[in-house]
Amino acid sequence: MSSLTAAAVMSTAFLRREAHIPLSHLQAQLTSTRAEAVLILGKKGQIRGLLSRERILAARSEQPLPISKVFSLSRPVTIGPEFSLAKILAFFNQQHPGLVVMDENQNPLGVITWEILTTGIIRGWLKSQAILDTLLNHASEAICIINEREEVEYWNPRAEILYGIKAREILGQPVSKFFPNVLVSHSLKENKVIRESYHQPREDAHVLITAAPIQCENRVIGSLSLERDIGDIVYLNQELTRTSTTVKKLRKEINRLSQKNAFATIYGHSTIIKETINLAKKFAATDASLLIRGESGTGKELFARAIHEESKRYNQPFIAVNCGALPSLLFESELFGYESGAFTGAERGGKPGKFELAEGGTLFLDEIGELELSLQAKLLRALQEKVFYRVGGTKPIKVNVRIIAATNRDLEKMIREGTFREDLYYRLNVLTLTLPPLREHKEDLPELAYLLVQELASIHQKRIQEIEPEVMVAFMNYHWPGNVRELRNTLERMVILSDDGILRQDTLPAHLRLEKLKELRLPDNDTSGPLPEVTIATEKRLIAEALKKANYNKAEAARLLGIPRSSLYYKMKVLGLTPDN
């Protein structure tokens, strides 16, 4: 409503009449037209007043007096068509007779009286309400609106299907009565926008949620949430992967983007991943030393390579050294190289070290926290002076390299314990990039899983068309201590074990199946809760009984079984279940 302008509420149905015509003549003319107002003009055509239809028809005169004698005329204010509703209301609060909307050449486009304004506002409100109702009722997301007392004021049809709760059951009720831990309440209380966050509002629901507070006149009056079923996202991904031509187009597009964007190989669209990539891009623009921190498997070397490719050194070498994998006796010769005859077995002519090989480019020191204290001093000297000597050599070698180090260790604690040099820490830690563990951006899991599956399927020459929704639910419930590396290894195992192009729950590693069983275990003879992992015959019987109990309403049957609707469709297809059998 606040976006309404003069052009939206004005009336173009108005007459122009001179002030000297009798009132009775004007009243007769009005009754034969649909004009809502009359502009009163002077002898030279100037605007002298504005009268509404209602005011003219209500006037009475014993004698045939001219308009100027019946009404006290005052010149109306002229405004442009973009004049806001708030400003228009301010004029009427000052008891102006009305407003005339003028074009750029000062010709009247329309008029606004109090009666016209009231009608225009009501018409605008009805239009806004119609648009809002259409949006809410036909949105593909489940939409919930709560007021400032956390009572549900709107619950759309998609929410009824997703949660199996009718609007009549939940409207006017506290949302906490149905969902003990719901983010729409957090959004209200903290006046905070939540975007595309993984959420489990109750045990049988896994959703991606966006929630935002509703503000009116600088006051929070409620909150709105939009939720998408993880199962639906899985189903959509499966539909995409079935179309081979679409997959080919996507691969071409990924290759095209990879050439332009060094970070295209880093998957994920969650807020925390986007923020991390944006910070990494800023760090790529400088040559300052960078320390990448994060748990094992979070992709530290992947980020280091992307930063190098995004930097001005992109066409120079990227040399990676695993400080934890090299024996201390070999580390110095590997890092700085050696001269001929430096030690028994040394190559004739000597050998350049990693520093020399990285000249002009980037030297990546992975697992820097594993480097022995005695070697830290030698590395520090090379970093400070940008000069080093080969093992057995006497000639100083100058280098121009950018240093990126990485660790999953607590270096600050190591400094306190005396196992890591403080001066080396400050030399490496000019810039810091902290990578989030996978458990902190689980909303990226579906995308990560499907992209990794396509990559692994290509490596192992397999065609994977589907991932069972139950597999994705198990993934979402798992805490992933090994992060993306563990996810990749898990998917690679499942791809190798797949015989029919489907990643099934029975190929999940044992520890993931145990996590899933905690969610799926049922009391004996219970057929209305989540599906237990039993034989195909039992599973078929359970689904058939749920369908019969729900009168073959699939959404209701899925609710009874505690699985996403997309999972039910898939299982009915595999088990050959139709309303006929």
# chains A, B, ... in the order shown; residues from 1 in each chain; ligands from 1
>>> residues_around(residues="His199 (chain A)", least_positions_apart="2", cutoff="7 Å", atoms="only C-alpha atoms", output="PyMOL selection string")
chain A and resi 197+201+206-209
>>> write_last_selection(atoms="N, CA, C and O atoms", output="compact mmCIF listing (two decimals), in the first residue's frame")
# COMPACT_ATOMS: atom_id res chain seq x y z
N SER A 197 18.61 -21.90 5.43
CA SER A 197 19.28 -22.64 6.51
C SER A 197 18.64 -24.01 6.69
O SER A 197 17.42 -24.14 6.65
N PRO A 201 12.43 -28.85 12.17
CA PRO A 201 11.45 -28.34 13.13
C PRO A 201 10.82 -29.42 13.99
O PRO A 201 10.32 -29.15 15.08
N HIS A 206 12.72 -32.50 7.53
CA HIS A 206 14.01 -31.90 7.22
C HIS A 206 13.77 -30.86 6.12
O HIS A 206 13.33 -31.21 5.01
N VAL A 207 14.05 -29.61 6.43
CA VAL A 207 13.70 -28.54 5.48
C VAL A 207 14.84 -27.54 5.34
O VAL A 207 15.75 -27.47 6.17
N LEU A 208 14.79 -26.77 4.24
CA LEU A 208 15.59 -25.56 4.10
C LEU A 208 14.65 -24.39 4.36
O LEU A 208 13.60 -24.29 3.72
N ILE A 209 15.02 -23.52 5.28
CA ILE A 209 14.11 -22.46 5.70
C ILE A 209 14.70 -21.08 5.48
O ILE A 209 15.90 -20.87 5.66
>>> residues_around(residues="Glu310 (chain A)", least_positions_apart="5", cutoff="12 Å", atoms="only C-alpha atoms", output="JSON, numbers by chain")
{"A": [258, 259, 260, 261, 262, 263, 264, 277, 278, 280, 281, 282, 283, 284, 285, 286, 287, 303, 304, 305, 315, 316, 318, 361, 362]}
>>> residues_around(residues="Ser140 (chain A)", least_positions_apart="6", cutoff="12 Å", atoms="only C-alpha atoms", output="PyMOL selection string")
chain A and resi 134+156-162+226-229+232-233
>>> write_last_selection(atoms="N, CA and C atoms", output="PDB file, in the first residue's frame")
ATOM      1  N   THR A 134      -2.938 -14.922  -3.904  1.00  0.00           N
ATOM      2  CA  THR A 134      -2.485 -15.788  -5.005  1.00  0.00           C
ATOM      3  C   THR A 134      -1.080 -16.304  -4.742  1.00  0.00           C
ATOM      4  N   ASN A 156      -0.321 -21.841   4.729  1.00  0.00           N
ATOM      5  CA  ASN A 156      -0.783 -22.041   3.352  1.00  0.00           C
ATOM      6  C   ASN A 156      -0.966 -23.529   3.001  1.00  0.00           C
ATOM      7  N   PRO A 157      -1.609 -23.827   1.856  1.00  0.00           N
ATOM      8  CA  PRO A 157      -1.880 -25.222   1.486  1.00  0.00           C
ATOM      9  C   PRO A 157      -0.624 -26.085   1.416  1.00  0.00           C
ATOM     10  N   ARG A 158       0.517 -25.493   0.985  1.00  0.00           N
ATOM     11  CA  ARG A 158       1.751 -26.285   0.895  1.00  0.00           C
ATOM     12  C   ARG A 158       2.220 -26.708   2.288  1.00  0.00           C
ATOM     13  N   ALA A 159       2.005 -25.845   3.278  1.00  0.00           N
ATOM     14  CA  ALA A 159       2.364 -26.194   4.658  1.00  0.00           C
ATOM     15  C   ALA A 159       1.471 -27.324   5.169  1.00  0.00           C
ATOM     16  N   GLU A 160       0.189 -27.320   4.778  1.00  0.00           N
ATOM     17  CA  GLU A 160      -0.711 -28.407   5.168  1.00  0.00           C
ATOM     18  C   GLU A 160      -0.195 -29.745   4.649  1.00  0.00           C
ATOM     19  N   ILE A 161       0.289 -29.737   3.378  1.00  0.00           N
ATOM     20  CA  ILE A 161       0.781 -30.978   2.762  1.00  0.00           C
ATOM     21  C   ILE A 161       2.088 -31.422   3.406  1.00  0.00           C
ATOM     22  N   LEU A 162       3.016 -30.461   3.623  1.00  0.00           N
ATOM     23  CA  LEU A 162       4.332 -30.809   4.155  1.00  0.00           C
ATOM     24  C   LEU A 162       4.248 -31.389   5.562  1.00  0.00           C
ATOM     25  N   LEU A 226       9.474 -19.398   4.984  1.00  0.00           N
ATOM     26  CA  LEU A 226       9.269 -20.181   3.767  1.00  0.00           C
ATOM     27  C   LEU A 226      10.142 -21.422   3.880  1.00  0.00           C
ATOM     28  N   GLU A 227       9.539 -22.600   3.733  1.00  0.00           N
ATOM     29  CA  GLU A 227      10.254 -23.850   3.972  1.00  0.00           C
ATOM     30  C   GLU A 227      10.098 -24.797   2.784  1.00  0.00           C
ATOM     31  N   ARG A 228      11.225 -25.425   2.415  1.00  0.00           N
ATOM     32  CA  ARG A 228      11.234 -26.414   1.331  1.00  0.00           C
ATOM     33  C   ARG A 228      11.651 -27.766   1.876  1.00  0.00           C
ATOM     34  N   ASP A 229      10.910 -28.796   1.506  1.00  0.00           N
ATOM     35  CA  ASP A 229      11.195 -30.163   1.946  1.00  0.00           C
ATOM     36  C   ASP A 229      12.483 -30.648   1.282  1.00  0.00           C
ATOM     37  N   ASP A 232      11.840 -33.032  -1.467  1.00  0.00           N
ATOM     38  CA  ASP A 232      11.495 -32.445  -2.761  1.00  0.00           C
ATOM     39  C   ASP A 232      12.733 -32.020  -3.518  1.00  0.00           C
ATOM     40  N   ILE A 233      13.713 -31.475  -2.767  1.00  0.00           N
ATOM     41  CA  ILE A 233      14.971 -31.062  -3.411  1.00  0.00           C
ATOM     42  C   ILE A 233      15.683 -32.275  -3.978  1.00  0.00           C
TER      43      ILE A 233
END
>>> residues_around(residues="Phe92 (chain A)", least_positions_apart="2", cutoff="12 Å", atoms="only C-alpha atoms", output="short mmCIF file (atom, residue, chain, number, x, y, z; two decimals) with all heavy atoms, in the first residue's frame")
data_model
loop_
_atom_site.label_atom_id
_atom_site.label_comp_id
_atom_site.auth_asym_id
_atom_site.auth_seq_id
_atom_site.Cartn_x
_atom_site.Cartn_y
_atom_site.Cartn_z
N PRO A 76 -7.14 24.51 -5.70
CA PRO A 76 -6.55 23.25 -5.20
C PRO A 76 -5.04 23.20 -5.44
O PRO A 76 -4.52 23.89 -6.31
CB PRO A 76 -7.27 22.17 -6.02
CG PRO A 76 -7.63 22.86 -7.29
CD PRO A 76 -7.93 24.29 -6.93
N VAL A 77 -4.36 22.35 -4.68
CA VAL A 77 -2.92 22.14 -4.87
C VAL A 77 -2.70 21.25 -6.09
O VAL A 77 -3.44 20.30 -6.32
CB VAL A 77 -2.32 21.47 -3.61
CG1 VAL A 77 -0.85 21.14 -3.83
CG2 VAL A 77 -2.48 22.39 -2.41
N LEU A 85 1.55 8.36 -1.61
CA LEU A 85 0.31 8.30 -0.83
C LEU A 85 0.46 9.03 0.51
O LEU A 85 -0.45 9.72 0.96
CB LEU A 85 -0.10 6.85 -0.59
CG LEU A 85 -1.36 6.61 0.26
CD1 LEU A 85 -2.58 7.23 -0.40
CD2 LEU A 85 -1.57 5.12 0.48
N ALA A 86 1.63 8.88 1.16
CA ALA A 86 1.85 9.52 2.45
C ALA A 86 1.74 11.04 2.34
O ALA A 86 1.13 11.70 3.18
CB ALA A 86 3.22 9.12 3.00
N LYS A 87 2.30 11.61 1.27
CA LYS A 87 2.24 13.06 1.08
C LYS A 87 0.81 13.51 0.75
O LYS A 87 0.37 14.57 1.17
CB LYS A 87 3.20 13.48 -0.02
CG LYS A 87 4.67 13.32 0.35
CD LYS A 87 5.59 13.75 -0.79
CE LYS A 87 7.06 13.61 -0.40
NZ LYS A 87 7.95 14.00 -1.51
N ILE A 88 0.10 12.69 -0.02
CA ILE A 88 -1.30 13.02 -0.36
C ILE A 88 -2.14 13.08 0.92
O ILE A 88 -2.92 14.01 1.12
CB ILE A 88 -1.87 11.98 -1.34
CG1 ILE A 88 -1.17 12.08 -2.70
CG2 ILE A 88 -3.38 12.16 -1.52
CD1 ILE A 88 -1.51 10.96 -3.66
N LEU A 89 -1.96 12.08 1.81
CA LEU A 89 -2.72 12.06 3.06
C LEU A 89 -2.38 13.27 3.92
O LEU A 89 -3.25 13.82 4.61
CB LEU A 89 -2.42 10.77 3.82
CG LEU A 89 -3.02 9.49 3.23
CD1 LEU A 89 -2.46 8.26 3.93
CD2 LEU A 89 -4.54 9.51 3.31
N ALA A 90 -1.12 13.70 3.89
CA ALA A 90 -0.72 14.87 4.67
C ALA A 90 -1.47 16.12 4.21
O ALA A 90 -1.87 16.96 5.02
CB ALA A 90 0.79 15.09 4.55
N GLN A 94 -4.48 18.57 6.25
CA GLN A 94 -4.47 20.03 6.39
C GLN A 94 -5.73 20.65 5.80
O GLN A 94 -5.80 21.85 5.58
CB GLN A 94 -3.23 20.59 5.66
CG GLN A 94 -1.92 20.09 6.25
CD GLN A 94 -0.72 20.42 5.37
OE1 GLN A 94 -0.80 21.29 4.51
NE2 GLN A 94 0.38 19.73 5.59
N GLN A 95 -6.73 19.83 5.52
CA GLN A 95 -8.05 20.27 5.06
C GLN A 95 -8.00 21.01 3.72
O GLN A 95 -8.67 22.02 3.53
CB GLN A 95 -8.71 21.15 6.13
CG GLN A 95 -8.97 20.41 7.44
CD GLN A 95 -9.70 21.25 8.44
OE1 GLN A 95 -9.72 22.46 8.35
NE2 GLN A 95 -10.33 20.58 9.40
N HIS A 96 -7.19 20.48 2.79
CA HIS A 96 -7.20 21.02 1.44
C HIS A 96 -8.45 20.53 0.71
O HIS A 96 -8.93 19.41 0.98
CB HIS A 96 -5.94 20.58 0.68
CG HIS A 96 -4.73 21.40 1.02
ND1 HIS A 96 -4.44 22.58 0.39
CD2 HIS A 96 -3.77 21.22 1.95
CE1 HIS A 96 -3.33 23.08 0.91
NE2 HIS A 96 -2.90 22.28 1.86
N PRO A 97 -8.99 21.34 -0.23
CA PRO A 97 -10.21 20.92 -0.93
C PRO A 97 -9.98 19.74 -1.85
O PRO A 97 -10.91 19.02 -2.20
CB PRO A 97 -10.60 22.17 -1.73
CG PRO A 97 -9.31 22.90 -1.93
CD PRO A 97 -8.53 22.68 -0.67
N GLY A 98 -8.78 19.53 -2.27
CA GLY A 98 -8.49 18.44 -3.18
C GLY A 98 -7.18 18.69 -3.90
O GLY A 98 -6.53 19.72 -3.71
N LEU A 99 -6.78 17.75 -4.74
CA LEU A 99 -5.52 17.84 -5.47
C LEU A 99 -5.77 17.63 -6.95
O LEU A 99 -6.64 16.83 -7.33
CB LEU A 99 -4.54 16.77 -4.97
CG LEU A 99 -4.20 16.79 -3.47
CD1 LEU A 99 -3.37 15.57 -3.11
CD2 LEU A 99 -3.46 18.06 -3.09
N ILE A 112 -8.06 14.41 -7.35
CA ILE A 112 -8.18 13.61 -6.13
C ILE A 112 -8.98 14.40 -5.10
O ILE A 112 -8.52 15.46 -4.64
CB ILE A 112 -6.80 13.24 -5.54
CG1 ILE A 112 -5.95 12.50 -6.57
CG2 ILE A 112 -6.97 12.39 -4.28
CD1 ILE A 112 -4.53 12.23 -6.10
N THR A 113 -10.17 13.91 -4.79
CA THR A 113 -10.94 14.45 -3.66
C THR A 113 -10.88 13.41 -2.54
O THR A 113 -10.36 12.29 -2.74
CB THR A 113 -12.39 14.71 -4.05
OG1 THR A 113 -13.00 13.45 -4.41
CG2 THR A 113 -12.47 15.68 -5.24
N TRP A 114 -11.41 13.76 -1.37
CA TRP A 114 -11.40 12.80 -0.27
C TRP A 114 -12.14 11.52 -0.64
O TRP A 114 -11.68 10.41 -0.35
CB TRP A 114 -12.01 13.42 0.98
CG TRP A 114 -12.01 12.47 2.13
CD1 TRP A 114 -13.06 11.83 2.68
CD2 TRP A 114 -10.86 12.02 2.86
NE1 TRP A 114 -12.67 11.02 3.72
CE2 TRP A 114 -11.31 11.10 3.85
CE3 TRP A 114 -9.48 12.30 2.78
CZ2 TRP A 114 -10.45 10.49 4.75
CZ3 TRP A 114 -8.63 11.67 3.68
CH2 TRP A 114 -9.10 10.77 4.64
N GLU A 115 -13.27 11.65 -1.36
CA GLU A 115 -14.06 10.48 -1.76
C GLU A 115 -13.28 9.64 -2.77
O GLU A 115 -13.27 8.40 -2.69
CB GLU A 115 -15.40 10.93 -2.36
CG GLU A 115 -16.35 11.60 -1.39
CD GLU A 115 -16.03 13.08 -1.16
OE1 GLU A 115 -15.10 13.61 -1.83
OE2 GLU A 115 -16.71 13.71 -0.35
N ILE A 116 -12.61 10.31 -3.72
CA ILE A 116 -11.82 9.58 -4.73
C ILE A 116 -10.64 8.89 -4.06
O ILE A 116 -10.31 7.73 -4.39
CB ILE A 116 -11.34 10.56 -5.83
CG1 ILE A 116 -12.53 11.04 -6.66
CG2 ILE A 116 -10.29 9.90 -6.72
CD1 ILE A 116 -12.20 12.17 -7.62
N LEU A 117 -9.99 9.57 -3.12
CA LEU A 117 -8.85 8.99 -2.42
C LEU A 117 -9.26 7.73 -1.64
O LEU A 117 -8.57 6.70 -1.70
CB LEU A 117 -8.25 10.02 -1.46
CG LEU A 117 -7.09 9.53 -0.58
CD1 LEU A 117 -5.91 9.10 -1.44
CD2 LEU A 117 -6.67 10.61 0.40
N THR A 118 -10.38 7.82 -0.94
CA THR A 118 -10.86 6.66 -0.17
C THR A 118 -11.12 5.46 -1.08
O THR A 118 -10.70 4.33 -0.80
CB THR A 118 -12.15 7.02 0.59
OG1 THR A 118 -11.91 8.17 1.40
CG2 THR A 118 -12.61 5.87 1.46
#
>>> atom_distance(atom1="CA of Ala59 (chain A)", atom2="CA of Phe14 (chain A)")
18.1 Å
>>> select_by_dssp(residues="region 172-403 of chain A", states="helix (DSSP H, G or I)", output="ChimeraX atom specification")
/A:175-177,183-190,230-242,244-260,262-265,271-284,300-310,328-336,354-357,368-370,373-385
>>> residues_around(residues="Ala382 (chain A)", least_positions_apart="6", cutoff="12 Å", atoms="only C-alpha atoms", output="list in words")
Glu332, Leu335, Phe336, Phe355, Glu356, Leu375, Gln376, Phe388, Tyr389, Arg390, Pro396, Ile397, Lys398, Val399, Asn400, Val401, Ile403, Leu424 and Arg427 of chain A
>>> select_by_dssp(residues="region 372-547 of chain A", states="strand (DSSP E or B)", output="list in words")
Val387, Phe388, Val391, Ile397, Lys398, Arg402, Ile403, Ile404, Ala405, Ala406, Thr407, Leu431, Thr432, Leu433, Thr434, Glu466, Ile467, Ile502 and Leu503 of chain A
>>> write_last_selection(atoms="all heavy atoms", output="tab-separated table (two decimals), in the first residue's frame")
chain	number	residue	atom	x	y	z
A	387	VAL	N	65.88	-15.16	0.97
A	387	VAL	CA	67.14	-15.71	0.47
A	387	VAL	C	67.41	-17.01	1.21
A	387	VAL	O	67.14	-17.10	2.42
A	387	VAL	CB	68.32	-14.73	0.68
A	387	VAL	CG1	69.65	-15.39	0.30
A	387	VAL	CG2	68.11	-13.46	-0.12
A	388	PHE	N	67.93	-18.03	0.50
A	388	PHE	CA	68.26	-19.29	1.16
A	388	PHE	C	69.47	-19.91	0.47
A	388	PHE	O	69.93	-19.44	-0.59
A	388	PHE	CB	67.08	-20.26	1.12
A	388	PHE	CG	66.73	-20.74	-0.26
A	388	PHE	CD1	67.28	-21.91	-0.78
A	388	PHE	CD2	65.85	-20.00	-1.05
A	388	PHE	CE1	66.96	-22.34	-2.05
A	388	PHE	CE2	65.53	-20.44	-2.33
A	388	PHE	CZ	66.09	-21.61	-2.83
A	391	VAL	N	71.33	-27.15	0.36
A	391	VAL	CA	72.11	-28.01	1.24
A	391	VAL	C	73.46	-28.29	0.56
A	391	VAL	O	73.50	-28.73	-0.59
A	391	VAL	CB	71.38	-29.33	1.53
A	391	VAL	CG1	72.27	-30.26	2.37
A	391	VAL	CG2	70.08	-29.06	2.25
A	397	ILE	N	70.55	-17.82	-2.83
A	397	ILE	CA	69.54	-17.84	-3.91
A	397	ILE	C	68.36	-16.98	-3.48
A	397	ILE	O	67.75	-17.23	-2.44
A	397	ILE	CB	69.06	-19.28	-4.20
A	397	ILE	CG1	70.25	-20.16	-4.62
A	397	ILE	CG2	67.97	-19.28	-5.27
A	397	ILE	CD1	69.90	-21.62	-4.77
A	398	LYS	N	68.05	-15.94	-4.27
A	398	LYS	CA	66.90	-15.07	-3.96
A	398	LYS	C	65.64	-15.65	-4.60
A	398	LYS	O	65.68	-16.17	-5.72
A	398	LYS	CB	67.14	-13.66	-4.51
A	398	LYS	CG	68.07	-12.82	-3.67
A	398	LYS	CD	67.98	-11.36	-4.03
A	398	LYS	CE	66.76	-10.72	-3.47
A	398	LYS	NZ	66.75	-9.24	-3.62
A	402	ARG	N	54.93	-16.36	-3.10
A	402	ARG	CA	53.88	-16.05	-2.11
A	402	ARG	C	53.68	-17.29	-1.24
A	402	ARG	O	53.56	-18.41	-1.76
A	402	ARG	CB	52.57	-15.70	-2.82
A	402	ARG	CG	51.58	-14.99	-1.87
A	402	ARG	CD	50.27	-15.62	-1.79
A	402	ARG	NE	49.42	-14.93	-0.80
A	402	ARG	CZ	48.22	-14.44	-1.04
A	402	ARG	NH1	47.70	-14.55	-2.22
A	402	ARG	NH2	47.53	-13.86	-0.07
A	403	ILE	N	53.66	-17.11	0.06
A	403	ILE	CA	53.52	-18.22	0.99
A	403	ILE	C	52.06	-18.35	1.45
A	403	ILE	O	51.46	-17.39	1.93
A	403	ILE	CB	54.42	-18.05	2.22
A	403	ILE	CG1	55.89	-17.98	1.80
A	403	ILE	CG2	54.20	-19.20	3.21
A	403	ILE	CD1	56.42	-19.25	1.16
A	404	ILE	N	51.49	-19.55	1.25
A	404	ILE	CA	50.21	-19.91	1.83
A	404	ILE	C	50.43	-21.15	2.68
A	404	ILE	O	50.92	-22.16	2.18
A	404	ILE	CB	49.14	-20.19	0.76
A	404	ILE	CG1	48.90	-18.96	-0.13
A	404	ILE	CG2	47.83	-20.63	1.41
A	404	ILE	CD1	47.87	-19.18	-1.23
A	405	ALA	N	50.12	-21.05	3.95
A	405	ALA	CA	50.26	-22.19	4.87
A	405	ALA	C	48.88	-22.66	5.30
A	405	ALA	O	47.90	-21.92	5.22
A	405	ALA	CB	51.10	-21.81	6.07
A	406	ALA	N	48.83	-23.89	5.79
A	406	ALA	CA	47.54	-24.45	6.24
A	406	ALA	C	47.77	-25.37	7.42
A	406	ALA	O	48.82	-26.02	7.53
A	406	ALA	CB	46.85	-25.21	5.10
A	407	THR	N	46.77	-25.41	8.31
A	407	THR	CA	46.89	-26.30	9.47
A	407	THR	C	45.51	-26.59	10.05
A	407	THR	O	44.57	-25.79	9.90
A	407	THR	CB	47.77	-25.67	10.57
A	407	THR	OG1	47.95	-26.61	11.63
A	407	THR	CG2	47.13	-24.41	11.13
A	431	LEU	N	47.45	-12.84	7.04
A	431	LEU	CA	46.03	-12.98	6.71
A	431	LEU	C	45.58	-14.36	7.18
A	431	LEU	O	46.34	-15.33	7.10
A	431	LEU	CB	45.79	-12.84	5.21
A	431	LEU	CG	46.24	-11.54	4.54
A	431	LEU	CD1	46.09	-11.65	3.03
A	431	LEU	CD2	45.44	-10.36	5.07
A	432	THR	N	44.32	-14.46	7.62
A	432	THR	CA	43.79	-15.75	8.09
A	432	THR	C	42.48	-16.05	7.38
A	432	THR	O	41.59	-15.19	7.31
A	432	THR	CB	43.54	-15.73	9.61
A	432	THR	OG1	44.74	-15.36	10.27
A	432	THR	CG2	43.08	-17.10	10.10
A	433	LEU	N	42.37	-17.26	6.88
A	433	LEU	CA	41.12	-17.73	6.26
A	433	LEU	C	40.69	-18.99	6.99
A	433	LEU	O	41.40	-20.00	6.96
A	433	LEU	CB	41.32	-18.02	4.77
A	433	LEU	CG	40.08	-18.43	3.99
A	433	LEU	CD1	39.11	-17.25	3.89
A	433	LEU	CD2	40.44	-18.93	2.60
A	434	THR	N	39.54	-18.93	7.67
A	434	THR	CA	39.04	-20.08	8.42
A	434	THR	C	37.92	-20.77	7.63
A	434	THR	O	36.93	-20.13	7.27
A	434	THR	CB	38.50	-19.64	9.80
A	434	THR	OG1	39.55	-18.96	10.51
A	434	THR	CG2	38.03	-20.84	10.60
A	466	GLU	N	20.14	-41.94	-9.61
A	466	GLU	CA	19.34	-41.57	-8.45
A	466	GLU	C	20.11	-41.78	-7.15
A	466	GLU	O	21.02	-42.61	-7.08
A	466	GLU	CB	18.06	-42.41	-8.36
A	466	GLU	CG	17.07	-42.19	-9.48
A	466	GLU	CD	15.81	-43.03	-9.30
A	466	GLU	OE1	15.60	-43.53	-8.18
A	466	GLU	OE2	15.06	-43.18	-10.27
A	467	ILE	N	19.73	-40.99	-6.17
A	467	ILE	CA	20.13	-41.23	-4.78
A	467	ILE	C	18.84	-41.39	-3.99
A	467	ILE	O	17.98	-40.53	-4.03
A	467	ILE	CB	20.95	-40.05	-4.21
A	467	ILE	CG1	22.23	-39.84	-5.02
A	467	ILE	CG2	21.28	-40.30	-2.75
A	467	ILE	CD1	23.05	-38.65	-4.54
A	502	ILE	N	21.57	-46.62	-8.89
A	502	ILE	CA	20.90	-45.98	-7.75
A	502	ILE	C	21.78	-46.16	-6.51
A	502	ILE	O	22.23	-47.28	-6.23
A	502	ILE	CB	19.51	-46.60	-7.49
A	502	ILE	CG1	18.61	-46.42	-8.73
A	502	ILE	CG2	18.85	-45.95	-6.28
A	502	ILE	CD1	17.29	-47.15	-8.63
A	503	LEU	N	22.03	-45.07	-5.80
A	503	LEU	CA	22.75	-45.16	-4.53
A	503	LEU	C	21.72	-45.46	-3.43
A	503	LEU	O	20.92	-44.61	-3.07
A	503	LEU	CB	23.49	-43.86	-4.23
A	503	LEU	CG	24.56	-43.42	-5.23
A	503	LEU	CD1	25.39	-42.28	-4.67
A	503	LEU	CD2	25.48	-44.58	-5.63
>>> residues_around(residues="Phe475 (chain A)", least_positions_apart="6", cutoff="12 Å", atoms="only C-alpha atoms", output="ChimeraX atom specification")
/A:206,230,438-439,442-446,448-449,467-469,483-484,486-488,490-491,505,508-509,511-516
>>> write_last_selection(atoms="C-alpha atoms", output="PDB file, in the first residue's frame")
ATOM      1  CA  HIS A 206      14.011 -31.900   7.217  1.00  0.00           C
ATOM      2  CA  ILE A 230      14.655 -31.724   1.579  1.00  0.00           C
ATOM      3  CA  LEU A 438      30.556 -29.422   6.801  1.00  0.00           C
ATOM      4  CA  ARG A 439      28.239 -29.698   9.805  1.00  0.00           C
ATOM      5  CA  LYS A 442      24.553 -28.811   5.850  1.00  0.00           C
ATOM      6  CA  GLU A 443      22.233 -26.928   3.492  1.00  0.00           C
ATOM      7  CA  ASP A 444      24.978 -27.469   0.871  1.00  0.00           C
ATOM      8  CA  LEU A 445      24.867 -31.265   1.321  1.00  0.00           C
ATOM      9  CA  PRO A 446      22.340 -32.092  -1.462  1.00  0.00           C
ATOM     10  CA  LEU A 448      27.648 -31.337  -2.848  1.00  0.00           C
ATOM     11  CA  ALA A 449      26.417 -34.933  -2.960  1.00  0.00           C
ATOM     12  CA  ILE A 467      20.133 -41.226  -4.783  1.00  0.00           C
ATOM     13  CA  GLU A 468      17.502 -42.686  -2.484  1.00  0.00           C
ATOM     14  CA  PRO A 469      15.937 -39.915  -0.339  1.00  0.00           C
ATOM     15  CA  ASN A 483      34.006 -33.149   6.454  1.00  0.00           C
ATOM     16  CA  VAL A 484      33.890 -33.037   2.631  1.00  0.00           C
ATOM     17  CA  GLU A 486      34.660 -38.098   4.317  1.00  0.00           C
ATOM     18  CA  LEU A 487      31.574 -37.299   2.227  1.00  0.00           C
ATOM     19  CA  ARG A 488      33.549 -37.876  -0.980  1.00  0.00           C
ATOM     20  CA  THR A 490      31.526 -42.330   1.391  1.00  0.00           C
ATOM     21  CA  LEU A 491      30.009 -41.491  -2.006  1.00  0.00           C
ATOM     22  CA  GLN A 505      20.661 -46.999   1.773  1.00  0.00           C
ATOM     23  CA  LEU A 508      25.744 -46.774   3.334  1.00  0.00           C
ATOM     24  CA  PRO A 509      28.728 -47.400   5.625  1.00  0.00           C
ATOM     25  CA  HIS A 511      28.266 -46.039  11.068  1.00  0.00           C
ATOM     26  CA  LEU A 512      25.854 -44.022   8.888  1.00  0.00           C
ATOM     27  CA  ARG A 513      23.296 -46.817   8.949  1.00  0.00           C
ATOM     28  CA  LEU A 514      23.488 -46.865  12.740  1.00  0.00           C
ATOM     29  CA  GLU A 515      22.789 -43.129  12.819  1.00  0.00           C
ATOM     30  CA  LYS A 516      19.799 -43.720  10.548  1.00  0.00           C
TER      31      LYS A 516
END
>>> residues_around(residues="Gly294 (chain A)", least_positions_apart="3", cutoff="10 Å", atoms="only C-alpha atoms", output="MDAnalysis selection string")
chainID A and resid 297:300 406:410 433:437
>>> closest_residue(among="A:Ile496, A:Tyr267, A:Leu379, A:Thr507", to="Leu451 (chain A)", atoms="only C-alpha atoms")
A:Tyr267
>>> atom_distance(atom1="CA of Pro81 (chain A)", atom2="CA of His20 (chain A)")
29.8 Å
